[in-house]
Amino acid sequence: MINRIFKNVCVTGAGSGIGRAIAIAMSNEGYNVTCADINLKQANETLEIILNSNGSGISIETDVTKNNDIENMILQTVKQFGTIDILVNNAGVTRTSNIMDLTEKDWDWIHNVNAKGTFFCLQIAADQMIKQNKGGRIINMASVGGKGFVDVSNAIYAASKGAVISLTKTAAQELAKYEITVNSICPGMAMTPLQSRWDKEPETIKALNEYVPLGRIGKPDDMANAALFLLSDASSYITGIELAVDGGLLMRM
């Protein structure tokens, strides 16, 4: 599945959940992985799993709301592996709230990470890819909430993921001439640390499983498998899409 020329990947939010699953899955396929996360301890834990499986990688503390951190993340990836071929823009935040209880502080926090962080990670990584003149792949982690599915953590989160979907389409058009593909993945309900409120609610989990057409909540590995496809030779003619990995949730709309 590994691309002949794309070997070196940077995964943001690699310290847990979907980001960790993607980083490990890519390492298992032979990619060199930069595990970037604002929580360095968790990034190190992901890296340890990779190294213990004879993979290759580095970990780096990265706050995606700070361009200096993003630039350092790309610099360290290039320094270690020679190039940055792939970016998985996975870092994201949210909190569960009714629309009328959300605040300006919530808006700034969520959009700074989910929208601003995604944009500048993409821009800075793409700049390096263009200089390398060998193409590249970018995946942005969006959400079915960004496509209008109503059962999400909050309205601000949905708006931020809608921004990611729009950014993906525009960036795909502008970067196509450099042979850089840009796609997004839209998870449905998935068991990740962002959904920790379900951990002690077996009845809620049972009801959610029954609500999903395929009969279960998603797992981080489901998203990792989708990412592997979008980074493989098999998807070389695909760009600008939002791939729903949701067990059929969007059919409920």
# chains A, B, ... in the order shown; residues from 1 in each chain; ligands from 1
>>> residues_around(residues="stretch 143-150 of chain A", least_positions_apart="5", cutoff="6 Å", atoms="only C-alpha atoms", output="ChimeraX atom specification")
/A:158,161-162,186-188
>>> write_last_selection(atoms="N, CA, C and O atoms", output="short mmCIF file (atom, residue, chain, number, x, y, z; two decimals), in the first residue's frame")
data_model
loop_
_atom_site.label_atom_id
_atom_site.label_comp_id
_atom_site.auth_asym_id
_atom_site.auth_seq_id
_atom_site.Cartn_x
_atom_site.Cartn_y
_atom_site.Cartn_z
N ALA A 158 -19.28 22.03 15.08
CA ALA A 158 -19.81 21.75 13.74
C ALA A 158 -19.37 22.82 12.75
O ALA A 158 -18.98 22.51 11.62
N LYS A 161 -15.72 22.36 11.77
CA LYS A 161 -15.49 21.24 10.87
C LYS A 161 -16.06 21.53 9.48
O LYS A 161 -15.55 21.02 8.48
N GLY A 162 -17.11 22.35 9.41
CA GLY A 162 -17.58 22.82 8.11
C GLY A 162 -16.51 23.65 7.43
O GLY A 162 -16.31 23.56 6.20
N CYS A 186 -14.43 12.43 7.37
CA CYS A 186 -15.51 12.88 8.25
C CYS A 186 -15.97 11.72 9.13
O CYS A 186 -16.84 10.93 8.74
N PRO A 187 -15.36 11.60 10.32
CA PRO A 187 -15.82 10.54 11.22
C PRO A 187 -17.25 10.79 11.69
O PRO A 187 -17.69 11.94 11.81
N GLY A 188 -17.93 9.70 11.96
CA GLY A 188 -19.21 9.81 12.65
C GLY A 188 -18.94 9.71 14.15
O GLY A 188 -17.92 10.18 14.64
#
>>> residues_around(residues="A:Gly136", least_positions_apart="2", cutoff="7 Å", atoms="only C-alpha atoms", output="ChimeraX atom specification")
/A:6,85-86,129,134,138,179-181
>>> select_by_dssp(residues="stretch 17-214 of chain A", states="strand (DSSP E)", output="PyMOL selection string")
chain A and resi 32-37+56-61+86-89+136-141+180-187
>>> closest_atom_pairs(of="stretch 150-207 of chain A", to="stretch 230-241 of chain A", cutoff="12 Å", atoms="only C-alpha atoms", output="CSV")
residue,atom,partner,partner_atom,distance
A:Val164,CA,A:Gly240,CA,11.3
A:Ile165,CA,A:Ile241,CA,8.4
A:Ser166,CA,A:Gly240,CA,9.2
A:Leu167,CA,A:Gly240,CA,9.3
A:Thr168,CA,A:Gly240,CA,5.9
A:Lys169,CA,A:Gly240,CA,4.6
A:Thr170,CA,A:Gly240,CA,7.7
A:Ala171,CA,A:Gly240,CA,7.8
A:Ala172,CA,A:Gly240,CA,5.0
A:Gln173,CA,A:Gly240,CA,7.3
A:Glu174,CA,A:Gly240,CA,10.3
A:Leu175,CA,A:Thr239,CA,9.8
A:Ala176,CA,A:Thr239,CA,8.1
A:Lys177,CA,A:Thr239,CA,11.8
A:Glu179,CA,A:Ser236,CA,9.4
A:Ile180,CA,A:Thr239,CA,8.6
A:Thr181,CA,A:Thr239,CA,5.1
A:Val182,CA,A:Thr239,CA,5.4
A:Asn183,CA,A:Gly240,CA,5.0
A:Ser184,CA,A:Ile241,CA,6.2
A:Ile185,CA,A:Ile241,CA,8.2
A:Cys186,CA,A:Ile241,CA,10.0
>>> closest_residue(among="A:Ala227, A:Met251, A:Val245, A:Ala23", to="A:Pro213", atoms="only C-alpha atoms")
A:Met251
>>> closest_residue(among="A:Ala142, A:Ala163, A:Ile24, A:Ala126", to="A:His111", atoms="only C-alpha atoms")
A:Ala163
>>> residues_around(residues="A:Asp221", least_positions_apart="5", cutoff="8 Å", atoms="only C-alpha atoms", output="mmCIF file with N, CA, C and O atoms, in the first residue's frame")
data_model
loop_
_atom_site.group_PDB
_atom_site.id
_atom_site.type_symbol
_atom_site.label_atom_id
_atom_site.label_comp_id
_atom_site.auth_asym_id
_atom_site.auth_seq_id
_atom_site.Cartn_x
_atom_site.Cartn_y
_atom_site.Cartn_z
ATOM 1 N N ILE A 18 -7.839 8.975 17.445
ATOM 2 C CA ILE A 18 -7.696 8.752 16.011
ATOM 3 C C ILE A 18 -6.270 9.058 15.554
ATOM 4 O O ILE A 18 -5.704 8.328 14.738
ATOM 5 N N ALA A 21 -4.032 6.171 16.391
ATOM 6 C CA ALA A 21 -4.319 5.025 15.527
ATOM 7 C C ALA A 21 -3.738 5.219 14.132
ATOM 8 O O ALA A 21 -3.190 4.283 13.537
ATOM 9 N N ILE A 22 -3.841 6.439 13.602
ATOM 10 C CA ILE A 22 -3.292 6.721 12.268
ATOM 11 C C ILE A 22 -1.775 6.618 12.289
ATOM 12 O O ILE A 22 -1.165 6.024 11.388
#
>>> select_by_dssp(residues="stretch 43-184 of chain A", states="helix (DSSP H, G or I)", output="NGL selection string")
:A and (43-52 or 67-81 or 99-101 or 104-132 or 144-147 or 155-178)
>>> residues_around(residues="A:Met73", least_positions_apart="4", cutoff="10 Å", atoms="only C-alpha atoms", output="list in words")
Cys10, Val11, Thr12, Thr34, Cys35, Ala36, Asp37, Ser59, Ile60, Glu61, Thr62, Asp63, Val64, Asn67, Asn68, Asp69, Thr77, Val78, Lys79, Cys121, Ile124 and Ala125 of chain A
>>> atom_distance(atom1="atom CA of A:Pro220", atom2="atom CA of A:Met189")
10.3 Å
>>> closest_residue(among="A:Ile99, A:Ala155, A:Ile58, A:Ala226", to="A:Asn140", atoms="only C-alpha atoms")
A:Ala226
>>> closest_residue(among="A:Leu249, A:Glu203, A:Leu47, A:Asn89", to="A:Thr118", atoms="only C-alpha atoms")
A:Asn89
>>> atom_distance(atom1="atom CA of A:Ile38", atom2="atom CA of A:Gly13")
7.3 Å
>>> residues_around(residues="A:Asn8", least_positions_apart="4", cutoff="6 Å", atoms="only C-alpha atoms", output="list of chain:residue names")
A:Tyr31, A:Asn32, A:Ile84, A:Asp85
>>> atom_distance(atom1="atom CA of A:Asp106", atom2="atom CA of A:Tyr157")
9.2 Å
>>> closest_residue(among="A:Ala43, A:Met141, A:Met223, A:Leu228", to="A:Glu242", atoms="only C-alpha atoms")
A:Met141
>>> residues_around(residues="A:Gly55", least_positions_apart="5", cutoff="7 Å", atoms="only C-alpha atoms", output="list in words")
Ser27, Asn28 and Ile50 of chain A
>>> closest_residue(among="A:Val93, A:Asn209, A:Asn133, A:Gln128", to="A:Ser153", atoms="only C-alpha atoms")
A:Val93
